[in-house]
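Asks: Below is the file query_36.csv, with CSV, C-alpha atoms.
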chain,number,residue,atom,x,y,z
A,1,MET,CA,118.4,108.2,163.7
A,2,SER,CA,118.2,111.0,161.2
A,3,ILE,CA,115.7,111.0,158.4
A,4,LEU,CA,117.7,113.2,156.0
A,5,GLY,CA,120.8,111.2,156.7
A,6,ALA,CA,118.9,108.2,155.3
A,7,THR,CA,119.5,105.8,158.2
A,8,ILE,CA,116.1,104.7,159.4
A,9,GLY,CA,115.6,102.1,162.1
A,10,GLY,CA,113.0,101.1,164.5
A,11,PRO,CA,109.2,101.1,164.1
A,12,LEU,CA,108.9,104.7,165.3
A,13,LEU,CA,111.2,106.1,162.7
A,14,TRP,CA,109.6,104.0,159.9
A,15,GLY,CA,106.2,105.4,161.0
A,16,ALA,CA,107.6,108.9,161.0
A,17,ALA,CA,109.1,108.4,157.6
A,18,ILE,CA,105.9,107.0,156.0
A,19,GLY,CA,103.7,109.6,157.6
A,20,GLY,CA,106.0,112.3,156.6
A,21,LEU,CA,106.0,111.2,153.0
A,22,PHE,CA,102.2,111.3,153.0
A,23,THR,CA,102.2,114.7,154.5
A,24,VAL,CA,104.7,116.0,152.0
A,25,ALA,CA,102.5,114.7,149.2
A,26,GLY,CA,99.6,116.4,150.7
A,27,ILE,CA,101.5,119.7,150.9
A,28,LEU,CA,102.3,119.4,147.2
A,29,LEU,CA,98.6,118.9,146.4
A,30,THR,CA,97.6,121.8,148.6
A,31,VAL,CA,100.1,124.1,146.8
A,32,TYR,CA,98.5,123.1,143.5
A,33,ARG,CA,95.1,124.2,144.9
A,34,LEU,CA,96.7,127.4,146.2
A,35,VAL,CA,98.0,128.3,142.8
A,36,VAL,CA,95.1,127.2,140.7
A,37,GLY,CA,92.1,127.7,142.9
A,38,PRO,CA,89.6,129.7,141.0
A,39,THR,CA,88.2,131.9,143.7
A,40,LEU,CA,89.8,133.8,146.6
A,41,PRO,CA,88.1,131.6,149.3
A,42,ASP,CA,89.6,128.6,147.6
A,43,ARG,CA,93.1,130.0,148.1
A,44,VAL,CA,92.4,130.9,151.7
A,45,VAL,CA,91.2,127.4,152.5
A,46,ALA,CA,94.3,126.0,150.8
A,47,LEU,CA,96.4,128.3,152.9
A,48,ASP,CA,94.7,127.1,156.1
A,49,MET,CA,95.2,123.6,155.0
A,50,LEU,CA,98.9,124.3,154.3
A,51,THR,CA,99.4,125.4,157.9
A,52,VAL,CA,97.7,122.3,159.2
A,53,LEU,CA,99.9,120.1,157.1
A,54,LEU,CA,103.0,122.1,158.3
A,55,MET,CA,101.9,121.4,161.8
A,56,ALA,CA,101.6,117.7,161.1
A,57,LEU,CA,105.1,117.7,159.5
A,58,LEU,CA,106.5,119.5,162.6
A,59,MET,CA,104.9,117.0,164.9
A,60,ILE,CA,106.3,114.1,162.9
A,61,PHE,CA,109.7,115.7,162.7
A,62,ALA,CA,109.7,116.2,166.5
A,63,VAL,CA,109.4,112.5,166.9
A,64,ALA,CA,111.9,111.7,164.2
A,65,VAL,CA,114.8,113.8,165.5
A,66,GLU,CA,113.7,113.6,169.2
A,67,VAL,CA,113.7,117.3,169.6
A,68,PRO,CA,110.5,118.3,171.5
A,69,SER,CA,110.9,122.0,170.8
A,70,TYR,CA,109.3,121.4,167.4
A,71,LEU,CA,106.1,120.8,169.3
A,72,ASP,CA,106.2,124.4,170.5
A,73,ALA,CA,106.5,125.6,167.0
A,74,ALA,CA,103.5,123.5,166.0
A,75,LEU,CA,101.5,124.9,169.0
A,76,ALA,CA,102.3,128.5,168.0
A,77,LEU,CA,101.4,127.7,164.3
A,78,ALA,CA,98.0,126.5,165.4
A,79,LEU,CA,97.1,129.8,167.1
A,80,VAL,CA,98.6,132.0,164.3
A,81,ALA,CA,96.9,130.0,161.5
A,82,PHE,CA,93.5,130.4,163.2
A,83,LEU,CA,94.0,134.2,163.5
A,84,ALA,CA,95.1,134.4,159.8
A,85,THR,CA,92.0,132.5,158.7
A,86,VAL,CA,89.6,134.8,160.7
A,87,ALA,CA,91.3,137.9,159.4
A,88,PHE,CA,91.1,136.6,155.8
A,89,ALA,CA,87.4,135.8,156.3
A,90,ARG,CA,86.6,139.2,157.5
A,91,TYR,CA,88.6,140.8,154.7
A,92,ILE,CA,86.8,138.8,152.1
A,93,GLU,CA,83.4,139.6,153.6
A,94,ARG,CA,84.1,143.3,153.7
A,95,ARG,CA,86.2,143.7,150.6
A,96,ASP,CA,83.2,145.1,148.6
A,97,PRO,CA,79.9,145.3,150.4
A,98,LEU,CA,76.8,143.5,149.3
A,99,PRO,CA,74.2,145.4,147.2
A,100,GLU,CA,71.5,145.2,149.9
A,101,GLN,CA,72.9,145.1,153.4
A,102,GLU,CA,70.4,143.2,155.4
A,103,PRO,CA,71.2,142.0,158.9
A,104,TYR,CA,71.0,138.3,159.4
A,105,ASP,CA,68.7,138.5,162.5
A,106,GLN,CA,66.1,140.7,160.8
A,107,ALA,CA,66.0,138.4,157.8
A,108,VAL,CA,65.3,135.4,160.1
A,109,GLU,CA,62.7,137.2,162.3
A,110,GLN,CA,60.7,138.8,159.5
A,111,GLY,CA,60.8,136.0,157.0
A,112,PRO,CA,61.9,136.0,153.4
A,113,GLU,CA,58.9,137.8,151.8
A,114,ASP,CA,58.5,140.9,153.9
A,115,ALA,CA,62.1,141.6,154.5
A,116,PRO,CA,62.9,145.3,153.9
A,117,HIS,CA,64.9,146.1,150.8
A,118,ASP,CA,66.4,149.6,151.3
B,1,MET,CA,105.0,97.5,171.5
B,2,ILE,CA,104.0,101.0,172.3
B,3,GLU,CA,106.4,102.2,169.6
B,4,VAL,CA,104.6,100.1,167.0
B,5,ILE,CA,101.3,101.7,168.1
B,6,ALA,CA,102.7,105.1,167.9
B,7,ALA,CA,104.2,104.4,164.4
B,8,LEU,CA,100.8,103.2,163.2
B,9,LEU,CA,99.1,106.3,164.6
B,10,MET,CA,101.6,108.5,162.9
B,11,ILE,CA,101.1,106.7,159.6
B,12,ALA,CA,97.3,107.0,160.0
B,13,GLY,CA,97.7,110.7,160.7
B,14,GLY,CA,99.8,111.2,157.6
B,15,VAL,CA,97.3,109.3,155.5
B,16,PHE,CA,94.4,111.4,156.8
B,17,CYS,CA,96.3,114.6,156.1
B,18,PHE,CA,97.0,113.4,152.6
B,19,SER,CA,93.4,112.5,152.1
B,20,ALA,CA,92.4,116.0,153.2
B,21,ALA,CA,94.7,117.5,150.6
B,22,LEU,CA,93.3,115.1,148.0
B,23,GLY,CA,89.8,116.3,148.8
B,24,LEU,CA,91.0,119.8,148.6
B,25,VAL,CA,92.2,119.2,145.0
B,26,ARG,CA,89.4,116.9,143.8
B,27,PHE,CA,86.2,118.4,145.2
B,28,PRO,CA,84.2,120.7,142.9
B,29,ASP,CA,83.4,123.7,144.9
B,30,VAL,CA,84.7,125.8,147.9
B,31,PHE,CA,82.3,124.4,150.5
B,32,MET,CA,83.1,120.7,149.7
B,33,ARG,CA,86.8,121.6,149.7
B,34,MET,CA,86.4,123.2,153.1
B,35,HIS,CA,84.6,120.2,154.4
B,36,ALA,CA,87.5,117.9,153.3
B,37,ALA,CA,90.2,120.2,154.6
B,38,THR,CA,88.7,120.9,158.0
B,39,LYS,CA,87.5,117.4,159.0
B,40,ALA,CA,90.1,115.2,157.6
B,41,GLY,CA,92.9,117.6,158.6
B,42,THR,CA,91.7,117.9,162.1
B,43,LEU,CA,91.5,114.1,162.4
B,44,GLY,CA,95.0,113.8,161.0
B,45,ILE,CA,96.4,116.2,163.6
B,46,LEU,CA,94.5,114.4,166.4
B,47,LEU,CA,96.0,111.0,165.4
B,48,LEU,CA,99.5,112.5,165.3
B,49,ALA,CA,99.0,114.1,168.7
B,50,LEU,CA,97.8,110.7,170.0
B,51,GLY,CA,101.0,109.1,168.7
B,52,GLN,CA,103.1,111.8,170.4
B,53,ILE,CA,101.3,111.2,173.7
B,54,ALA,CA,101.9,107.4,173.3
B,55,VAL,CA,105.7,107.8,173.1
B,56,ALA,CA,106.1,110.9,175.2
B,57,GLY,CA,109.0,110.5,177.6
B,58,ASP,CA,107.9,113.0,180.2
B,59,LEU,CA,104.8,115.0,181.1
B,60,SER,CA,105.7,118.2,179.3
B,61,ILE,CA,105.8,116.6,175.8
B,62,GLY,CA,102.5,114.8,176.2
B,63,LEU,CA,101.0,118.0,177.6
B,64,ARG,CA,102.2,120.0,174.6
B,65,ALA,CA,100.7,117.4,172.2
B,66,GLY,CA,97.5,117.5,174.1
B,67,LEU,CA,97.4,121.3,173.9
B,68,ILE,CA,97.9,121.1,170.1
B,69,ALA,CA,94.9,118.8,169.9
B,70,VAL,CA,92.8,121.0,172.1
B,71,PHE,CA,93.6,124.1,170.1
B,72,ILE,CA,92.9,122.4,166.8
B,73,ILE,CA,89.6,121.1,168.0
B,74,ALA,CA,88.7,124.6,169.3
B,75,THR,CA,89.9,126.7,166.3
B,76,ALA,CA,89.3,124.6,163.2
B,77,PRO,CA,85.5,124.7,163.2
B,78,ILE,CA,85.5,128.5,163.9
B,79,GLY,CA,87.8,129.2,161.0
B,80,ALA,CA,85.9,127.0,158.7
B,81,HIS,CA,82.6,128.5,159.7
B,82,LEU,CA,83.8,132.1,159.1
B,83,MET,CA,85.4,131.2,155.8
B,84,GLY,CA,82.2,129.4,154.6
B,85,ARG,CA,80.0,132.3,155.6
B,86,ALA,CA,82.3,134.7,153.8
B,87,ALA,CA,82.5,132.5,150.7
B,88,TYR,CA,78.7,132.1,150.6
B,89,ARG,CA,77.9,135.8,151.1
B,90,THR,CA,80.4,136.9,148.5
B,91,GLY,CA,78.9,134.6,145.9
B,92,ALA,CA,81.3,131.7,145.6
B,93,PRO,CA,79.7,129.4,143.0
B,94,LEU,CA,78.0,126.2,144.2
B,95,TRP,CA,78.5,123.0,142.3
B,96,HIS,CA,76.2,122.9,139.3
B,97,ARG,CA,74.5,119.7,140.6
B,98,THR,CA,73.7,121.1,144.0
B,99,THR,CA,70.0,120.5,144.6
B,100,SER,CA,69.3,122.3,147.8
B,101,ASP,CA,70.4,125.7,149.1
B,102,PRO,CA,68.7,126.1,152.4
B,103,ALA,CA,70.1,129.6,153.1
B,104,THR,CA,68.8,131.1,149.9
B,105,HIS,CA,66.3,133.5,151.5
B,106,VAL,CA,68.2,133.8,154.8
B,107,PHE,CA,71.6,135.3,153.8
B,108,PRO,CA,72.0,138.1,151.4
B,109,ARG,CA,74.2,136.7,148.7
B,110,ARG,CA,75.8,138.4,145.7
B,111,GLU,CA,75.2,136.9,142.3
B,112,SER,CA,77.7,134.2,141.8
B,113,VAL,CA,80.7,134.9,139.6
B,114,ALA,CA,80.8,131.4,138.1
B,115,ASP,CA,83.0,130.6,135.2
B,116,PRO,CA,81.2,130.5,131.8
B,117,GLN,CA,81.3,126.7,131.6
B,118,MET,CA,79.5,126.4,134.9
B,119,ALA,CA,76.9,128.9,133.8
B,120,LEU,CA,76.3,126.9,130.6
B,121,LEU,CA,75.7,123.8,132.7
B,122,ASP,CA,73.3,125.8,134.9
B,123,ASP,CA,71.3,127.0,131.9
B,124,GLY,CA,71.1,123.5,130.6
B,125,LEU,CA,69.8,122.1,133.9
B,126,GLU,CA,67.3,124.9,134.2
B,127,ALA,CA,65.9,124.1,130.8
B,128,LEU,CA,65.6,120.5,131.7
B,129,ALA,CA,63.8,121.4,134.9
B,130,GLU,CA,61.4,123.6,133.0
B,131,VAL,CA,60.7,120.7,130.6
B,132,ASP,CA,60.0,118.4,133.5
B,133,ALA,CA,58.0,120.6,135.8
B,134,PRO,CA,56.9,123.9,134.2
B,135,SER,CA,56.6,126.2,137.2
B,136,GLU,CA,58.4,124.6,140.1
B,137,PRO,CA,59.0,127.1,142.9
B,138,VAL,CA,62.5,127.4,144.5
B,139,ALA,CA,61.2,126.8,148.0
B,140,ASP,CA,60.0,123.3,147.1
B,141,LYS,CA,63.3,122.4,145.7
B,142,ALA,CA,65.1,123.6,148.8
B,143,THR,CA,62.9,121.5,151.1
B,144,ALA,CA,62.8,118.5,148.9
B,145,GLY,CA,66.5,118.1,149.2
B,146,GLN,CA,66.6,117.7,153.0
Please render this file's structure as structure tokens.
Replies:
Amino acid sequence: MSILGATIGGPLLWGAAIGGLFTVAGILLTVYRLVVGPTLPDRVVALDMLTVLLMALLMIFAVAVEVPSYLDAALALALVAFLATVAFARYIERRDPLPEQEPYDQAVEQGPEDAPHD
Amino acid sequence: MIEVIAALLMIAGGVFCFSAALGLVRFPDVFMRMHAATKAGTLGILLLALGQIAVAGDLSIGLRAGLIAVFIIATAPIGAHLMGRAAYRTGAPLWHRTTSDPATHVFPRRESVADPQMALLDDGLEALAEVDAPSEPVADKATAGQ
């Protein structure tokens, strides 16, 4: 029944164990990118990926221990991770403004050559 | 039988999550890493949710797994789009072998803060391009890559 108690039986628990091992290996790789990643967007992408992998682990764990409440945690994590990514993206974009602030719509309408540079 | 199918779906989901993390480590710039993380990660979660639905005992468990799948499908592209735009506009360096940058004249983009090794590679490639074609405009390069 239990994974950590090391008694695994039945195809469902074997599948949960193998999938969980792959997911844990993925979490380790993602933590490497989170620590090393040369730019700030790299780290934010790694953080997003880390939440997705935690959701995967929660879903596998819900099957393994037959406690469906872990699915609620995964559901909440999906929403919170999205909000965190959006907030990080806005923060990165506004951290220090660009030298020429040129709205995207104007640049498309007027073309690249006669776009105003002020 | 249905347990075997669910087990195979969970193994496949774990493998896709692992491959997403592997792409996150191995790909050379932010945008490729984002591509790996978003698509493979979403597919992994979807397969896991499918496995949950296959072995769900009652309706509420399957409904929750389906809700997770719907939320991931709805939110992962938005988050990846916003992160990619922020990374591009703040000058995250592209891979040195990137041939086409279609948004060059569309988005204002800060000069990229590449590491010196990547800058050296860029200089070498520019010198090679000048040897090959003396005055090749950037617009031709952008359209030729599509």
Asks: Residues at most 12 Å from Leu67 in chain B, counting all atoms listed in the file, excluding those fewer than 2 positions away in the same chain, as a PyMOL selection string?
Replies: (chain A and resi 71-72+74-76+78-79) or (chain B and resi 45-46+49-50+52-53+60-65+69-75)
Asks: Could those residues be written to a file, using C-alpha atoms, as a compact mmCIF listing (two decimals), in the frame of the given file?
Replies:
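Listed below is the output, part.txt:
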# COMPACT_ATOMS: atom_id res chain seq x y z
CA LEU A 71 106.10 120.80 169.30
CA ASP A 72 106.20 124.40 170.50
CA ALA A 74 103.50 123.50 166.00
CA LEU A 75 101.50 124.90 169.00
CA ALA A 76 102.30 128.50 168.00
CA ALA A 78 98.00 126.50 165.40
CA LEU A 79 97.10 129.80 167.10
CA ILE B 45 96.40 116.20 163.60
CA LEU B 46 94.50 114.40 166.40
CA ALA B 49 99.00 114.10 168.70
CA LEU B 50 97.80 110.70 170.00
CA GLN B 52 103.10 111.80 170.40
CA ILE B 53 101.30 111.20 173.70
CA SER B 60 105.70 118.20 179.30
CA ILE B 61 105.80 116.60 175.80
CA GLY B 62 102.50 114.80 176.20
CA LEU B 63 101.00 118.00 177.60
CA ARG B 64 102.20 120.00 174.60
CA ALA B 65 100.70 117.40 172.20
CA ALA B 69 94.90 118.80 169.90
CA VAL B 70 92.80 121.00 172.10
CA PHE B 71 93.60 124.10 170.10
CA ILE B 72 92.90 122.40 166.80
CA ILE B 73 89.60 121.10 168.00
CA ALA B 74 88.70 124.60 169.30
CA THR B 75 89.90 126.70 166.30
Asks: For chain A, list the residues within 8 Å of chain B, counting only C-alpha atoms, and write the list as a PyMOL selection string.
Replies: chain A and resi 11-16+18-23+25-27+29-30+32-33+39+41-42+45-46+49+52-53+55-56+59-60+63+68+71-72+74-75+78-79+82+85-86+88-90+92-93+98-102+104+107-108+112
Asks: Could you work out how far CA of Ala64 in chain A lies from CA of Ala17 in chain A, giving the answer in Å with one decimal?
Replies: 7.9 Å
Asks: Could you tell me how far CA of Leu43 in chain B sits from CA of Leu57 in chain A, in Å to one decimal place?
Replies: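 Calculated distance between CA of Leu57 in chain A and CA of Leu43 in chain B is 14.4 Å.
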Asks: Rounded to one decimal place, report the CA of Val80 in chain A-CA of Met32 in chain B distance in Å.
Replies: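 Taking CA of Val80 in chain A as the start and CA of Met32 in chain B as the end point, the length is 24.1 Å.
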Asks: Pick the closest to Leu54 in chain A from A:Leu40, A:Leu77, A:Val67, A:Leu34: which is it, counting only C-alpha atoms?
Replies: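 The closest residue to Leu54 in chain A is A:Leu77.
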Asks: Neighbouring residues of Ala81 in chain A were defined as those with any atom within 9 Å, considering all atoms listed in the file; residues of the same chain fewer than 6 positions away were excluded. Please report them as JSON, numbers by chain.
Replies: {"A": [47, 48, 51, 52]}
Asks: Keeping only C-alpha atoms, write the selected residues to a file as an mmCIF file, keeping the file's coordinate frame.
Replies:
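Output contents, as saved in out22.cif:
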data_model
loop_
_atom_site.group_PDB
_atom_site.id
_atom_site.type_symbol
_atom_site.label_atom_id
_atom_site.label_comp_id
_atom_site.auth_asym_id
_atom_site.auth_seq_id
_atom_site.Cartn_x
_atom_site.Cartn_y
_atom_site.Cartn_z
ATOM 1 C CA LEU A 47 96.400 128.300 152.900
ATOM 2 C CA ASP A 48 94.700 127.100 156.100
ATOM 3 C CA THR A 51 99.400 125.400 157.900
ATOM 4 C CA VAL A 52 97.700 122.300 159.200
#
